[in-house]
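Chemist: To start, I am sharing the structure in question, which I have written as structure tokens.
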Amino acid sequence: MGKRKVLLNALTVAVAVTVVAGCSSNNGNNANAPEGGNTGNNKTNTEATTEGNTTTEAPKSELYELGKEPLDLTFYGNYNWYTMPQWGKDAASKWIQENKKINITAIHSGGNAPQKLQTMIAGNDLPDIIWTDRGADFDRLYEAGLLVSLDEYIEKYPNFKKWADPKMINMLRSADGKIYGMPNYYTNQPNGNAGYIVNRKIYKALGEPKLETTDDLYAYLKQVKEKYPDVVPFETGLAKEGNGIDQLFSAFKEDNFSFTRYWAVPVGDKFESIYKDEGFRESMVYSAKLMREGLMTQDAMTQTEDQIKEKILSGRVAVYASVDPMKLAMQADQELSAKDPNDGYFFIMPIYKQGLDPAKIYPGTYNMLGWNMAAITTSADNPEAIFAMLDWMTGPEGSSVQMWGPPGPDGYWDGFKEDSETPNFTARYGDDPKELIDIQAVSGDMIWVGNTVFLDSKKSEFEATLPEEKRNWSTNWQYKITWKTQGDATQFVNLNPSPDSPEGIVAQSVKDIWLTARAQALFAKSDAEVLAILDKAHDDSVAVGFPQYLEAITAKWHSNQEKMAGN
């Protein structure tokens with residue numbers, strides 16, 4: 001399932017943990033040095049590091065000092081939709097550029113990430129950092145020996161090993177027992193922004209009807225179409241990435257943790273074809289009905305992010321469902337409500353089919369490993385310096401700069417309290433949020449190793465002291481709805497087989513069938529045609545080896561369960 005990752009995540013408690021990151025021989029403290037490693041710069045002072053409840057002194061000469069010299073590196077986001085904002089243009093990255101002397105040059109996918117990655121691999125022209133999903137592409141890079149092991153650096157630098165949960169660390173290890181990527185938005189508590197937002201002005205004008213079940217939603221969208229012909233009743237966002245229609249799938253199935261990312265659903269102790277799942281079939285019939293009747297955005301499969309943004313910010317959307325509606329909605333609510341206090345957007349509890357338990361409906365999921373991975377490639381001249389940057393970014397100062405902008409009395413935070421990890425938020429945080437919203441609108445695409453535990457616990461502690469009208473819009477709705485309604489999918493992460501394996505080759509064929517079938521079903525002319533398309537997709541998938549693939553991901557699922565149990 002495609003994802004835009006959230007810039008604000010879970011309400012979590014900051015817990016210092018001891019993480020022993022060893023090499024495959026499990027010797028604990030002396031993992032093999034990554035290829036191309038550099039011990040950094042020599043200094044004479046010492047720096048305190050914390051492991052569990054013990055404070056030790058690590059010679060600072062062993063740590064690379066950010067800001068001592070320019071650090072120039074290249075970065076590639078391995079997604080069709082992702083375009084990295086220009087480094088140094090926004091307030092946060094400008095501060096990092098000026099104070100830490102970090103300069104990052106983006107390499108863009110050009111809308112064709114698979115081809116771009118293959119070209120870079122074939123030409124031996126990899127960037128210093130690749131930001132990608134855990135799974136096929138990451139495994140391909142690992143198996144080709146193109147990634148730097150991070151174990152030695154994790155043990156050496158203070159932040160990631162402090163904030164990462166040991167169970168999560170175990171889940172990160174590759175087949176050789178080592179770690180090759182740092183996760184983004186890792187956590188140990190519920191988080192996420194998936195769900196439904198509603199246009200406040202239109203909702204009030206239509207009498208604020210009950211909006212809980214799929215029947216309620218259908219009736220409401222029909223009202224919108226009748227009364228507001230220039231408004232999109234139901235906006236999906238990038239439906240080609242699963243947005244919107246995956247949220248509708250969640251409405252028809254309790255305990256739906258895997259959604260459509262594996263083209264399969266867990267049944268008992270194994271994965272079975274999604275095409276035969278009753279909840280999925282109902283959801284596609286429902287989605288196609290919305291499309292046929294003009295209740296859903298008609299260009300759901302072809303629209304761009306800019307087009308979606310324009311509709312949301314102009315208030316021309318009645319209901320918007322996505323894996324992360326927060327980013328656009330928070331900006332839109334700020335602008336619309338400034339002009340009219342009755343305008344803007346608000347979240348509703350997840351839509352569900354009548355008869356299902358709403359407490360078991362999850363429009364989105366979270367997992368301890370968060371979203372994706374930042375990996376350092378063997379092309380990097382100084383991988384330790386790059387890791388030092390990532391470790392800083394995932395620590396208190398780096399996290400605070402990226403999320404709340406540059407520190408200072410005129411900013412939103414000004415240094416730290418005595419514990420050295422709680423920001424001193426300024427009065428401006430509650431009084432003048434406009435620039436903060438602008439900062440966070442960019443930071444969603446610039447945070448690559450987000451520390452959910454730190455970010456959410458610190459902002460939550462502070463915002464709990466503010467009156468509701470001064471709380472950040474997004475944090476308010478995370479408190480009330482989104483964090484409560486995400487499912488824990490940790491056991492279902494990283495199930496895809498290696499792309500070069502027999503099962504991986506099958507997976508690519510199955511994916512091609514899936515993408516075609518989902519688009520066809522969405523634009524089907526009748527309920528019967530939807531079901532016929534799904535049945536054919538199942539048969540076509542079986543013909544290319546679907547059962548073999550299902551067995552492979554089932555085995556990986558059970559392996560995850562064993563790792564989580566400590567086995």
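As shown in the structure tokens, the chain order sets the letters A, B, ...; within each chain, residues go from 1, and ligands are also counted from 1 in the order they appear.
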Per DSSP on the backbone, filter stretch 326-368 of chain A down to the residues in strand (DSSP E) and report them as JSON, numbers by chain.
Modeler: {"A": [345, 346, 347, 348, 364, 365, 366]}
Chemist: Write the selection just made, keeping C-alpha atoms, as a CSV table (one decimal), in the first residue's frame?
Modeler:
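Written output follows (result-v7.csv):
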```
chain,number,residue,atom,x,y,z
A,345,TYR,CA,-12.0,20.5,8.5
A,346,PHE,CA,-12.4,18.0,11.4
A,347,PHE,CA,-11.9,14.3,11.9
A,348,ILE,CA,-14.7,11.8,12.4
A,364,GLY,CA,-4.7,2.7,9.2
A,365,THR,CA,-2.1,0.8,11.0
A,366,TYR,CA,1.1,1.4,12.9
```
Chemist: Quick one: everything within 10 Å of A:Glu98, counting only C-alpha atoms, minus sequence neighbours fewer than 4 positions away in the same chain. Send it as a PyMOL selection string.
Modeler: chain A and resi 67+70+88+93-94+102-103
Chemist: How would the residues just chosen look if you wrote them out with C-alpha atoms as a compact mmCIF listing (two decimals), in the first residue's frame?
Modeler:
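Final output, saved to out_6.txt:
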```txt
# COMPACT_ATOMS: atom_id res chain seq x y z
CA GLY A 67 29.49 21.11 12.16
CA PRO A 70 31.07 20.63 5.69
CA GLY A 88 18.15 24.88 2.95
CA SER A 93 16.87 22.61 6.99
CA LYS A 94 18.33 26.10 6.64
CA ILE A 102 25.18 19.74 6.29
CA ASN A 103 24.38 20.06 2.59
```
Chemist: Looking at only C-alpha atoms, which of A:Gln402, A:Thr475, A:Thr422, A:Gln491 is the one that sits closest to A:Gln97?
Modeler: A:Gln402
Chemist: Show me, as a CSV table (one decimal) with N, CA and C atoms, in the first residue's frame, the residues that have an atom within 12 Å of stretch 542-544 of chain A when counting only C-alpha atoms, minus same-chain residues fewer than 5 positions from it.
Modeler:
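Below you can see part00.csv, which holds the result:
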```csv
chain,number,residue,atom,x,y,z
A,272,GLU,N,-4.5,-15.9,2.8
A,272,GLU,CA,-5.3,-16.3,1.7
A,272,GLU,C,-5.6,-15.1,0.7
A,273,SER,N,-6.0,-15.4,-0.5
A,273,SER,CA,-6.2,-14.5,-1.5
A,273,SER,C,-7.2,-13.4,-1.1
A,275,TYR,N,-8.8,-11.5,-3.0
A,275,TYR,CA,-9.9,-11.5,-4.0
A,275,TYR,C,-11.1,-12.3,-3.5
A,502,PRO,N,12.2,-17.1,-6.5
A,502,PRO,CA,11.0,-17.6,-7.3
A,502,PRO,C,9.7,-16.9,-6.8
A,503,GLU,N,9.6,-16.8,-5.5
A,503,GLU,CA,8.4,-16.2,-5.0
A,503,GLU,C,8.3,-14.7,-5.3
A,504,GLY,N,9.5,-14.1,-5.3
A,504,GLY,CA,9.6,-12.7,-5.6
A,504,GLY,C,9.2,-12.4,-7.1
A,505,ILE,N,9.6,-13.3,-8.0
A,505,ILE,CA,9.2,-13.2,-9.4
A,505,ILE,C,7.7,-13.3,-9.5
A,506,VAL,N,7.1,-14.3,-8.8
A,506,VAL,CA,5.7,-14.5,-8.7
A,506,VAL,C,5.0,-13.2,-8.2
A,507,ALA,N,5.6,-12.6,-7.2
A,507,ALA,CA,5.0,-11.4,-6.6
A,507,ALA,C,4.9,-10.3,-7.5
A,508,GLN,N,5.8,-10.1,-8.4
A,508,GLN,CA,5.8,-9.0,-9.4
A,508,GLN,C,4.6,-9.2,-10.4
A,509,SER,N,4.4,-10.5,-10.8
A,509,SER,CA,3.3,-10.8,-11.7
A,509,SER,C,2.0,-10.6,-11.0
A,510,VAL,N,1.9,-11.0,-9.7
A,510,VAL,CA,0.7,-10.9,-8.9
A,510,VAL,C,0.4,-9.4,-8.8
A,511,LYS,N,1.4,-8.6,-8.5
A,511,LYS,CA,1.2,-7.1,-8.3
A,511,LYS,C,0.7,-6.5,-9.6
A,512,ASP,N,1.2,-6.9,-10.8
A,512,ASP,CA,0.8,-6.3,-12.0
A,512,ASP,C,-0.7,-6.6,-12.2
A,513,ILE,N,-1.1,-7.9,-11.9
A,513,ILE,CA,-2.5,-8.3,-12.0
A,513,ILE,C,-3.4,-7.4,-11.1
A,535,ASP,N,-12.8,-12.0,-9.5
A,535,ASP,CA,-12.7,-13.5,-9.7
A,535,ASP,C,-11.6,-13.8,-10.7
A,536,LYS,N,-11.6,-13.0,-11.8
A,536,LYS,CA,-10.6,-13.3,-12.8
A,536,LYS,C,-9.2,-12.9,-12.3
A,537,ALA,N,-9.1,-11.9,-11.6
A,537,ALA,CA,-7.8,-11.5,-11.0
A,537,ALA,C,-7.3,-12.6,-10.1
A,549,TYR,N,3.5,-17.8,-3.5
A,549,TYR,CA,3.7,-16.6,-2.9
A,549,TYR,C,3.0,-16.5,-1.5
A,550,LEU,N,1.8,-17.0,-1.4
A,550,LEU,CA,1.1,-16.9,-0.2
A,550,LEU,C,1.8,-17.8,0.9
```
Chemist: Could you tell me which of A:Gly181, A:Pro467, A:Glu278, A:Gly415 comes closest to A:Asp133 if we count only C-alpha atoms?
Modeler: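 The answer is A:Gly181, which sits nearest to A:Asp133.
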Chemist: Determine, counting only C-alpha atoms, which protein, DNA and RNA residues have an atom within 10 Å of an atom of A:Arg261; residues of the same chain fewer than 3 positions away are not included. Present the result as a PyMOL selection string.
Modeler: chain A and resi 1-2+241-242+246+257-258+264-265+492-493+495-496+511
Chemist: Next, write the just-selected residues to a file, as an mmCIF file, in the first residue's frame, keeping N, CA and C atoms as the atom set.
Modeler:
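After the write, part.cif holds the following:
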```cif
data_model
loop_
_atom_site.group_PDB
_atom_site.id
_atom_site.type_symbol
_atom_site.label_atom_id
_atom_site.label_comp_id
_atom_site.auth_asym_id
_atom_site.auth_seq_id
_atom_site.Cartn_x
_atom_site.Cartn_y
_atom_site.Cartn_z
ATOM 1 N N MET A 1 0.845 -1.177 0.000
ATOM 2 C CA MET A 1 0.000 0.000 0.000
ATOM 3 C C MET A 1 0.880 1.226 0.000
ATOM 4 N N GLY A 2 0.610 2.176 -0.869
ATOM 5 C CA GLY A 2 1.406 3.384 -0.922
ATOM 6 C C GLY A 2 1.157 4.246 0.292
ATOM 7 N N GLU A 241 -2.246 4.604 -5.161
ATOM 8 C CA GLU A 241 -1.411 4.122 -4.065
ATOM 9 C C GLU A 241 -2.252 3.471 -2.971
ATOM 10 N N GLY A 242 -3.554 3.349 -3.197
ATOM 11 C CA GLY A 242 -4.439 2.728 -2.215
ATOM 12 C C GLY A 242 -5.180 3.704 -1.328
ATOM 13 N N ASP A 246 -8.482 2.053 0.345
ATOM 14 C CA ASP A 246 -8.045 1.184 1.430
ATOM 15 C C ASP A 246 -8.787 1.533 2.719
ATOM 16 N N PHE A 257 -5.577 -5.529 9.507
ATOM 17 C CA PHE A 257 -4.254 -4.963 9.760
ATOM 18 C C PHE A 257 -3.368 -4.862 8.524
ATOM 19 N N SER A 258 -3.571 -5.726 7.570
ATOM 20 C CA SER A 258 -2.642 -5.787 6.440
ATOM 21 C C SER A 258 -3.141 -5.019 5.225
ATOM 22 N N ALA A 264 -3.412 -10.044 0.011
ATOM 23 C CA ALA A 264 -3.822 -11.223 0.768
ATOM 24 C C ALA A 264 -4.286 -10.784 2.145
ATOM 25 N N VAL A 265 -5.065 -11.647 2.813
ATOM 26 C CA VAL A 265 -5.525 -11.381 4.171
ATOM 27 C C VAL A 265 -5.231 -12.603 5.034
ATOM 28 N N PHE A 492 3.048 -7.958 10.782
ATOM 29 C CA PHE A 492 2.861 -8.106 9.339
ATOM 30 C C PHE A 492 3.875 -7.317 8.505
ATOM 31 N N VAL A 493 4.927 -6.805 9.125
ATOM 32 C CA VAL A 493 5.882 -6.004 8.363
ATOM 33 C C VAL A 493 6.855 -6.896 7.600
ATOM 34 N N LEU A 495 7.036 -8.682 4.796
ATOM 35 C CA LEU A 495 6.711 -10.053 4.397
ATOM 36 C C LEU A 495 7.086 -10.357 2.950
ATOM 37 N N ASN A 496 7.276 -9.331 2.137
ATOM 38 C CA ASN A 496 7.524 -9.580 0.728
ATOM 39 C C ASN A 496 8.820 -10.354 0.511
ATOM 40 N N LYS A 511 1.432 -8.573 -8.518
ATOM 41 C CA LYS A 511 1.243 -7.134 -8.347
ATOM 42 C C LYS A 511 0.705 -6.492 -9.620
#
```
Chemist: Quick one: distance from atom CA of A:Gln247 to atom CA of A:Ser460 in Å, one decimal?
Modeler: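 One can read the atom CA of A:Gln247 to atom CA of A:Ser460 distance as 26.3 Å.
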Chemist: Using only C-alpha atoms, which residues of stretch 399-451 of chain A come within 10 Å of stretch 307-330 of chain A, and what is the closest atom pair for each, with the distance in Å to one decimal? Give it as CSV, sorted by chain and residue number.
Modeler:
```
residue,atom,partner,partner_atom,distance
A:Ile437,CA,A:Met330,CA,7.4
A:Asp438,CA,A:Met330,CA,9.8
A:Gln440,CA,A:Lys327,CA,8.1
A:Ala441,CA,A:Lys327,CA,6.3
A:Val442,CA,A:Lys327,CA,9.3
A:Gly444,CA,A:Lys327,CA,7.7
```
Chemist: Write a file of the selected residues as a compact mmCIF listing (two decimals), in the first residue's frame, keeping N, CA and C atoms.
Modeler:
```txt
# COMPACT_ATOMS: atom_id res chain seq x y z
N ILE A 437 2.82 25.62 11.37
CA ILE A 437 2.11 24.80 10.39
C ILE A 437 2.89 24.75 9.08
N ASP A 438 3.44 25.88 8.68
CA ASP A 438 4.24 25.92 7.46
C ASP A 438 5.49 25.05 7.60
N GLN A 440 5.88 22.41 9.53
CA GLN A 440 5.52 21.00 9.56
C GLN A 440 4.96 20.52 8.22
N ALA A 441 4.46 21.43 7.42
CA ALA A 441 4.00 21.05 6.08
C ALA A 441 5.16 20.57 5.23
N VAL A 442 6.36 21.10 5.51
CA VAL A 442 7.56 20.67 4.78
C VAL A 442 8.25 19.51 5.48
N GLY A 444 7.26 16.98 6.93
CA GLY A 444 6.76 15.64 6.62
C GLY A 444 7.56 14.95 5.54
```
Chemist: Atom CA of A:Lys360 and atom CA of A:Ser250 are how many Å apart?
Modeler: 9.4 Å
Chemist: Just the number, please: distance in Å from atom CA of A:Phe416 to atom CA of A:Gly398, one decimal.
Modeler: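 Distance between the two atoms: 12.3 Å.
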Chemist: From the list A:Gln548, A:Asn256, A:Thr490, A:Thr74, which residue is nearest A:Tyr362 when using only C-alpha atoms?
Modeler: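 Smallest separation from A:Tyr362 among the options: A:Asn256.
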Chemist: Check the DSSP output for the backbone and give back, as a PyMOL selection string, the residues of stretch 214-415 of chain A in alpha helix (DSSP H).
Modeler: chain A and resi 214-227+245-251+278-292+305-313+326-339+383-393+396-404
Chemist: Using only C-alpha atoms, what does the table of stretch 63-119 of chain A residues within 12 Å of stretch 136-156 of chain A look like, with each row giving the shortest atom pair and its distance in Å to one decimal, sorted by chain and ascending number, as CSV?
Modeler:
```
residue,atom,partner,partner_atom,distance
A:Leu63,CA,A:Lys156,CA,7.6
A:Tyr64,CA,A:Lys156,CA,10.3
A:Gly77,CA,A:Asp137,CA,12.0
A:Asn78,CA,A:Asp137,CA,8.8
A:Tyr79,CA,A:Asp137,CA,10.9
A:Ala113,CA,A:Asp137,CA,10.3
A:Pro114,CA,A:Asp137,CA,8.5
A:Gln115,CA,A:Asp137,CA,11.5
A:Lys116,CA,A:Asp137,CA,11.8
A:Leu117,CA,A:Asp137,CA,8.6
A:Gln118,CA,A:Asp137,CA,9.6
```
Chemist: Output the selection as a compact mmCIF listing (two decimals), in the first residue's frame - C-alpha atoms for each residue.
Modeler:
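Final output, saved to again-v4.txt:
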```txt
# COMPACT_ATOMS: atom_id res chain seq x y z
CA LEU A 63 32.43 10.46 17.68
CA TYR A 64 32.14 12.36 14.44
CA GLY A 77 13.76 8.85 -1.95
CA ASN A 78 12.72 5.61 -3.66
CA TYR A 79 9.09 6.52 -4.36
CA ALA A 113 11.28 4.91 -8.88
CA PRO A 114 11.81 1.25 -9.92
CA GLN A 115 13.56 2.27 -13.15
CA LYS A 116 15.59 4.98 -11.42
CA LEU A 117 16.83 2.59 -8.73
CA GLN A 118 17.70 -0.07 -11.29
```
